Amino acid sequence: MGNKQVKQHFENAKKTGVLKISLLRLCDFPPQLRDFPNVLRTLDLSENRFVKIPEAIGNFTLLKHLNLSSNKLDELPEAISKLTKLETLNAINNYITVVPMSYSALKNLKQVILSNNLICEFPIMFAGLKNLDVLDLSRNKITKVPAEAKGLAVIELNLNQNQLSELAPEIAECPRLKTLRLEENCLQIQAISPRILKESLVANLCLDGNLFSSKQLIEVEGYDVYMERYTNCRKKLE
């Protein structure tokens, strides 16, 4: 993309609040962004070659949608925690290992997609965010879901294709959790607590590709209670 087109991109963004500069093979944060007026509501930096996002990202306090997917990031900047109006954060297909604890300040988040990274510990900073509907952590290296996860307000939690061997029974206390995706992990049948089957709101529990058979799951206490929720949910969708 030529300089004239880049300039036009930025000029339009001043009027629309939307800036999309993806697929440009950029390695460095565009210098035009460092002094850009605080008008952006959507910023798409996806499919470039960024290895780092500078702290200057924190200047865009009006941002609602931030897309950092398909870059070469090994960390997320602390400054994102200043974007308190942020509703969607997409950083799939990077090399991110941890999520800053300061992200607990992002009270307006509705959707967080961190699939296909290198995250090892469950990001408990998202627990307590009452507007968060979807948390996608699939294709990472998470080994356990801790008890603190009970504070998640999500409707859907995706942990497919991790390395989970532990699942805290307290996940049953999540106040809105309806879909729990745990496919292709390292879970033994003992990790599936009867509390999750009997006491939770989960009506769509995805467990294929773990270290137990469907027959073993059927024999877990509370399976019939879960299946009743599952069936009722399907009827409502028909």
# chains A, B, ... in the order shown; residues from 1 in each chain; ligands from 1
call {"tool": "residues_around", "arguments": {"residues": "A:His65", "least_positions_apart": "3", "cutoff": "10 Å", "atoms": "only C-alpha atoms", "output": "list in words"}}
result
Val18, Leu40, Arg41, Thr42, Leu43, Asp44, Leu62, Leu83, Lys85, Leu86, Glu87, Thr88, Leu89, Asn90, Leu109 and Gln111 of chain A
call {"tool": "write_last_selection", "arguments": {"atoms": "N, CA and C atoms", "output": "PDB file, in the first residue's frame"}}
result
ATOM      1  N   VAL A  18     -12.852   4.603  12.678  1.00  0.00           N
ATOM      2  CA  VAL A  18     -12.495   3.226  12.338  1.00  0.00           C
ATOM      3  C   VAL A  18     -11.193   3.231  11.546  1.00  0.00           C
ATOM      4  N   LEU A  40     -10.527   7.140  17.812  1.00  0.00           N
ATOM      5  CA  LEU A  40     -10.770   5.783  17.317  1.00  0.00           C
ATOM      6  C   LEU A  40     -11.689   4.985  18.232  1.00  0.00           C
ATOM      7  N   ARG A  41     -12.638   4.297  17.586  1.00  0.00           N
ATOM      8  CA  ARG A  41     -13.493   3.350  18.298  1.00  0.00           C
ATOM      9  C   ARG A  41     -13.212   1.926  17.865  1.00  0.00           C
ATOM     10  N   THR A  42     -12.649   1.771  16.667  1.00  0.00           N
ATOM     11  CA  THR A  42     -12.255   0.457  16.157  1.00  0.00           C
ATOM     12  C   THR A  42     -10.845   0.557  15.581  1.00  0.00           C
ATOM     13  N   LEU A  43      -9.966  -0.329  16.028  1.00  0.00           N
ATOM     14  CA  LEU A  43      -8.594  -0.371  15.514  1.00  0.00           C
ATOM     15  C   LEU A  43      -8.254  -1.801  15.148  1.00  0.00           C
ATOM     16  N   ASP A  44      -7.958  -2.016  13.871  1.00  0.00           N
ATOM     17  CA  ASP A  44      -7.638  -3.347  13.357  1.00  0.00           C
ATOM     18  C   ASP A  44      -6.192  -3.354  12.865  1.00  0.00           C
ATOM     19  N   LEU A  62     -11.109   5.731  23.789  1.00  0.00           N
ATOM     20  CA  LEU A  62     -12.471   5.567  23.271  1.00  0.00           C
ATOM     21  C   LEU A  62     -12.657   4.229  22.550  1.00  0.00           C
ATOM     22  N   LEU A  83      -7.918   1.068  28.401  1.00  0.00           N
ATOM     23  CA  LEU A  83      -9.004   1.165  27.412  1.00  0.00           C
ATOM     24  C   LEU A  83     -10.301   0.665  28.044  1.00  0.00           C
ATOM     25  N   LYS A  85     -13.338   1.379  27.855  1.00  0.00           N
ATOM     26  CA  LYS A  85     -14.555   1.252  27.046  1.00  0.00           C
ATOM     27  C   LYS A  85     -14.505   0.019  26.135  1.00  0.00           C
ATOM     28  N   LEU A  86     -13.373  -0.699  26.161  1.00  0.00           N
ATOM     29  CA  LEU A  86     -13.156  -1.816  25.242  1.00  0.00           C
ATOM     30  C   LEU A  86     -14.201  -2.914  25.441  1.00  0.00           C
ATOM     31  N   GLU A  87     -14.802  -3.354  24.318  1.00  0.00           N
ATOM     32  CA  GLU A  87     -15.817  -4.405  24.357  1.00  0.00           C
ATOM     33  C   GLU A  87     -15.316  -5.712  23.751  1.00  0.00           C
ATOM     34  N   THR A  88     -14.463  -5.622  22.729  1.00  0.00           N
ATOM     35  CA  THR A  88     -13.925  -6.839  22.125  1.00  0.00           C
ATOM     36  C   THR A  88     -12.417  -6.739  21.993  1.00  0.00           C
ATOM     37  N   LEU A  89     -11.744  -7.822  22.389  1.00  0.00           N
ATOM     38  CA  LEU A  89     -10.297  -7.937  22.255  1.00  0.00           C
ATOM     39  C   LEU A  89     -10.002  -9.231  21.526  1.00  0.00           C
ATOM     40  N   ASN A  90      -9.372  -9.115  20.361  1.00  0.00           N
ATOM     41  CA  ASN A  90      -9.047 -10.275  19.542  1.00  0.00           C
ATOM     42  C   ASN A  90      -7.542 -10.304  19.334  1.00  0.00           C
ATOM     43  N   LEU A 109     -15.681  -5.285  28.765  1.00  0.00           N
ATOM     44  CA  LEU A 109     -15.392  -6.370  27.822  1.00  0.00           C
ATOM     45  C   LEU A 109     -16.586  -7.315  27.689  1.00  0.00           C
ATOM     46  N   GLN A 111     -16.312  -9.712  24.762  1.00  0.00           N
ATOM     47  CA  GLN A 111     -15.747 -10.871  24.064  1.00  0.00           C
ATOM     48  C   GLN A 111     -14.226 -10.781  24.053  1.00  0.00           C
TER      49      GLN A 111
END
call {"tool": "residues_around", "arguments": {"residues": "A:Ala127", "least_positions_apart": "4", "cutoff": "7 Å", "atoms": "only C-alpha atoms", "output": "list in words"}}
result
Ala149, Gly151, Leu152 and Ala153 of chain A
call {"tool": "write_last_selection", "arguments": {"atoms": "C-alpha atoms", "output": "PDB file, in the first residue's frame"}}
result
ATOM      1  CA  ALA A 149     -12.674 -19.310  37.530  1.00  0.00           C
ATOM      2  CA  GLY A 151     -16.084 -15.691  39.159  1.00  0.00           C
ATOM      3  CA  LEU A 152     -16.408 -15.768  35.372  1.00  0.00           C
ATOM      4  CA  ALA A 153     -19.664 -14.261  34.129  1.00  0.00           C
TER       5      ALA A 153
END
call {"tool": "residues_around", "arguments": {"residues": "A:Gln188", "least_positions_apart": "4", "cutoff": "12 Å", "atoms": "only C-alpha atoms", "output": "PyMOL selection string"}}
result
chain A and resi 163-167+182+184+192-193+207-214+216-217
call {"tool": "atom_distance", "arguments": {"atom1": "atom CA of A:Lys110", "atom2": "atom CA of A:Ile80"}}
result
15.0 Å
call {"tool": "atom_distance", "arguments": {"atom1": "atom CA of A:Phe126", "atom2": "atom CA of A:Ala79"}}
result
16.2 Å
call {"tool": "residues_around", "arguments": {"residues": "A:Pro37", "least_positions_apart": "4", "cutoff": "10 Å", "atoms": "only C-alpha atoms", "output": "JSON, numbers by chain"}}
result
{"A": [13, 14, 17, 32, 33, 59, 60]}
call {"tool": "closest_residue", "arguments": {"among": "A:Ala91, A:Ile218, A:Leu205, A:Met101", "to": "A:Asn160", "atoms": "only C-alpha atoms"}}
result
A:Leu205
call {"tool": "residues_around", "arguments": {"residues": "A:Pro146", "least_positions_apart": "3", "cutoff": "10 Å", "atoms": "only C-alpha atoms", "output": "number ranges by chain"}}
result
A: 121-124, 143, 149-150, 166-171
call {"tool": "write_last_selection", "arguments": {"atoms": "all heavy atoms", "output": "compact mmCIF listing (two decimals), in the first residue's frame"}}
result
# COMPACT_ATOMS: atom_id res chain seq x y z
N GLU A 121 -1.15 -20.45 31.97
CA GLU A 121 -1.98 -20.33 33.17
C GLU A 121 -3.32 -19.71 32.82
O GLU A 121 -3.40 -18.75 32.05
CB GLU A 121 -1.27 -19.48 34.22
CG GLU A 121 -0.04 -20.15 34.82
CD GLU A 121 0.46 -19.41 36.03
OE1 GLU A 121 -0.26 -18.54 36.57
OE2 GLU A 121 1.60 -19.67 36.45
N PHE A 122 -4.36 -20.23 33.44
CA PHE A 122 -5.70 -19.70 33.19
C PHE A 122 -5.76 -18.23 33.60
O PHE A 122 -5.37 -17.88 34.72
CB PHE A 122 -6.74 -20.50 33.98
CG PHE A 122 -8.15 -20.19 33.62
CD1 PHE A 122 -8.81 -20.93 32.65
CD2 PHE A 122 -8.83 -19.14 34.23
CE1 PHE A 122 -10.12 -20.63 32.29
CE2 PHE A 122 -10.13 -18.83 33.88
CZ PHE A 122 -10.77 -19.58 32.91
N PRO A 123 -6.24 -17.34 32.73
CA PRO A 123 -6.25 -15.90 33.03
C PRO A 123 -7.38 -15.50 33.97
O PRO A 123 -8.46 -15.09 33.53
CB PRO A 123 -6.41 -15.27 31.64
CG PRO A 123 -7.13 -16.29 30.84
CD PRO A 123 -6.70 -17.63 31.37
N ILE A 124 -7.11 -15.58 35.26
CA ILE A 124 -8.15 -15.33 36.25
C ILE A 124 -8.56 -13.86 36.33
O ILE A 124 -9.57 -13.52 36.96
CB ILE A 124 -7.72 -15.82 37.65
CG1 ILE A 124 -6.43 -15.12 38.09
CG2 ILE A 124 -7.55 -17.32 37.66
CD1 ILE A 124 -6.05 -15.40 39.53
N THR A 143 -3.07 -25.92 31.67
CA THR A 143 -3.10 -27.26 32.25
C THR A 143 -4.21 -27.45 33.28
O THR A 143 -4.59 -28.59 33.57
CB THR A 143 -1.75 -27.60 32.92
OG1 THR A 143 -1.45 -26.61 33.91
CG2 THR A 143 -0.63 -27.62 31.87
N ALA A 149 -11.88 -19.42 38.76
CA ALA A 149 -12.67 -19.31 37.53
C ALA A 149 -14.17 -19.23 37.82
O ALA A 149 -14.95 -18.85 36.94
CB ALA A 149 -12.38 -20.49 36.60
N LYS A 150 -14.57 -19.55 39.04
CA LYS A 150 -16.00 -19.49 39.38
C LYS A 150 -16.55 -18.07 39.28
O LYS A 150 -17.75 -17.88 39.17
CB LYS A 150 -16.24 -20.03 40.79
CG LYS A 150 -15.66 -19.16 41.90
CD LYS A 150 -15.89 -19.78 43.27
CE LYS A 150 -15.34 -18.90 44.39
NZ LYS A 150 -15.53 -19.50 45.72
N GLU A 166 -6.77 -30.79 35.04
CA GLU A 166 -7.52 -30.45 36.26
C GLU A 166 -8.61 -29.44 35.92
O GLU A 166 -8.38 -28.48 35.20
CB GLU A 166 -6.59 -29.84 37.31
CG GLU A 166 -5.52 -30.77 37.83
CD GLU A 166 -4.66 -30.09 38.88
OE1 GLU A 166 -5.22 -29.40 39.76
OE2 GLU A 166 -3.42 -30.23 38.80
N LEU A 167 -9.79 -29.70 36.50
CA LEU A 167 -10.94 -28.83 36.29
C LEU A 167 -11.61 -28.62 37.64
O LEU A 167 -12.21 -29.53 38.20
CB LEU A 167 -11.92 -29.49 35.31
CG LEU A 167 -13.19 -28.74 34.94
CD1 LEU A 167 -12.87 -27.45 34.20
CD2 LEU A 167 -14.08 -29.63 34.08
N ALA A 168 -11.46 -27.41 38.20
CA ALA A 168 -11.99 -27.13 39.54
C ALA A 168 -13.50 -27.33 39.58
O ALA A 168 -14.22 -26.78 38.72
CB ALA A 168 -11.63 -25.72 39.96
N PRO A 169 -14.02 -28.06 40.57
CA PRO A 169 -15.47 -28.24 40.69
C PRO A 169 -16.21 -26.91 40.82
O PRO A 169 -17.38 -26.81 40.45
CB PRO A 169 -15.61 -29.08 41.97
CG PRO A 169 -14.28 -29.75 42.14
CD PRO A 169 -13.27 -28.80 41.60
N GLU A 170 -15.49 -25.89 41.33
CA GLU A 170 -16.11 -24.58 41.52
C GLU A 170 -16.60 -23.94 40.23
O GLU A 170 -17.38 -22.98 40.27
CB GLU A 170 -15.12 -23.64 42.22
CG GLU A 170 -14.87 -23.94 43.68
CD GLU A 170 -13.80 -24.99 43.90
OE1 GLU A 170 -13.33 -25.59 42.92
OE2 GLU A 170 -13.45 -25.22 45.08
N ILE A 171 -16.15 -24.46 39.08
CA ILE A 171 -16.63 -23.92 37.80
C ILE A 171 -18.15 -24.03 37.72
O ILE A 171 -18.81 -23.29 36.99
CB ILE A 171 -15.96 -24.66 36.61
CG1 ILE A 171 -16.10 -23.86 35.32
CG2 ILE A 171 -16.51 -26.04 36.41
CD1 ILE A 171 -15.14 -22.74 35.16
call {"tool": "select_by_dssp", "arguments": {"residues": "stretch 13-173 of chain A", "states": "strand (DSSP E or B)", "output": "list of chain:residue names"}}
result
A:Val18, A:Leu19, A:Lys20, A:Thr42, A:Leu43, A:Asp44, A:His65, A:Leu66, A:Asn67, A:Thr88, A:Leu89, A:Asn90, A:Gln111, A:Val112, A:Ile113, A:Val134, A:Leu135, A:Asp136, A:Lys144, A:Val145, A:Glu156, A:Leu157, A:Asn158, A:Glu166, A:Leu167
call {"tool": "residues_around", "arguments": {"residues": "A:Tyr230", "least_positions_apart": "2", "cutoff": "12 Å", "atoms": "only C-alpha atoms", "output": "list of chain:residue names"}}
result
A:Lys178, A:Thr179, A:Leu197, A:Lys198, A:Ser200, A:Leu201, A:Val202, A:Ala203, A:Asn204, A:Leu205, A:Cys206, A:Tyr223, A:Asp224, A:Val225, A:Tyr226, A:Met227, A:Glu228, A:Asn232, A:Cys233, A:Arg234, A:Lys235, A:Lys236, A:Leu237
call {"tool": "select_by_dssp", "arguments": {"residues": "stretch 8-46 of chain A", "states": "helix (DSSP H, G or I)", "output": "list in words"}}
result
Gln8, His9, Phe10, Glu11, Asn12, Ala13, Lys14, Lys15, Thr16, Pro31, Gln32, Leu33 and Arg34 of chain A
call {"tool": "write_last_selection", "arguments": {"atoms": "N, CA and C atoms", "output": "PDB file, in the first residue's frame"}}
result
ATOM      1  N   GLN A   8      -4.579   8.418   3.261  1.00  0.00           N
ATOM      2  CA  GLN A   8      -6.027   8.459   3.100  1.00  0.00           C
ATOM      3  C   GLN A   8      -6.720   7.629   4.174  1.00  0.00           C
ATOM      4  N   HIS A   9      -6.117   6.486   4.505  1.00  0.00           N
ATOM      5  CA  HIS A   9      -6.632   5.629   5.578  1.00  0.00           C
ATOM      6  C   HIS A   9      -6.767   6.414   6.880  1.00  0.00           C
ATOM      7  N   PHE A  10      -5.720   7.131   7.202  1.00  0.00           N
ATOM      8  CA  PHE A  10      -5.700   7.883   8.461  1.00  0.00           C
ATOM      9  C   PHE A  10      -6.655   9.079   8.417  1.00  0.00           C
ATOM     10  N   GLU A  11      -6.753   9.711   7.263  1.00  0.00           N
ATOM     11  CA  GLU A  11      -7.678  10.838   7.134  1.00  0.00           C
ATOM     12  C   GLU A  11      -9.117  10.374   7.322  1.00  0.00           C
ATOM     13  N   ASN A  12      -9.443   9.236   6.720  1.00  0.00           N
ATOM     14  CA  ASN A  12     -10.794   8.697   6.860  1.00  0.00           C
ATOM     15  C   ASN A  12     -11.097   8.316   8.314  1.00  0.00           C
ATOM     16  N   ALA A  13     -10.059   7.783   8.980  1.00  0.00           N
ATOM     17  CA  ALA A  13     -10.243   7.340  10.362  1.00  0.00           C
ATOM     18  C   ALA A  13     -10.594   8.496  11.290  1.00  0.00           C
ATOM     19  N   LYS A  14     -10.092   9.681  10.975  1.00  0.00           N
ATOM     20  CA  LYS A  14     -10.402  10.854  11.800  1.00  0.00           C
ATOM     21  C   LYS A  14     -11.898  11.177  11.755  1.00  0.00           C
ATOM     22  N   LYS A  15     -12.522  10.822  10.623  1.00  0.00           N
ATOM     23  CA  LYS A  15     -13.950  11.111  10.451  1.00  0.00           C
ATOM     24  C   LYS A  15     -14.831   9.968  10.954  1.00  0.00           C
ATOM     25  N   THR A  16     -14.368   8.733  10.728  1.00  0.00           N
ATOM     26  CA  THR A  16     -15.221   7.575  11.013  1.00  0.00           C
ATOM     27  C   THR A  16     -14.956   6.931  12.377  1.00  0.00           C
ATOM     28  N   PRO A  31       4.116   5.186  12.793  1.00  0.00           N
ATOM     29  CA  PRO A  31       4.421   6.439  13.499  1.00  0.00           C
ATOM     30  C   PRO A  31       3.240   7.411  13.506  1.00  0.00           C
ATOM     31  N   GLN A  32       2.389   7.330  12.475  1.00  0.00           N
ATOM     32  CA  GLN A  32       1.225   8.224  12.422  1.00  0.00           C
ATOM     33  C   GLN A  32       0.279   7.993  13.601  1.00  0.00           C
ATOM     34  N   LEU A  33       0.302   6.747  14.137  1.00  0.00           N
ATOM     35  CA  LEU A  33      -0.609   6.420  15.228  1.00  0.00           C
ATOM     36  C   LEU A  33      -0.174   7.012  16.559  1.00  0.00           C
ATOM     37  N   ARG A  34       1.110   7.254  16.704  1.00  0.00           N
ATOM     38  CA  ARG A  34       1.627   7.733  17.994  1.00  0.00           C
ATOM     39  C   ARG A  34       1.064   9.109  18.360  1.00  0.00           C
TER      40      ARG A  34
END
call {"tool": "closest_residue", "arguments": {"among": "A:Asn38, A:Ser70, A:Thr61, A:Asn140", "to": "A:Thr97", "atoms": "only C-alpha atoms"}}
result
A:Asn140
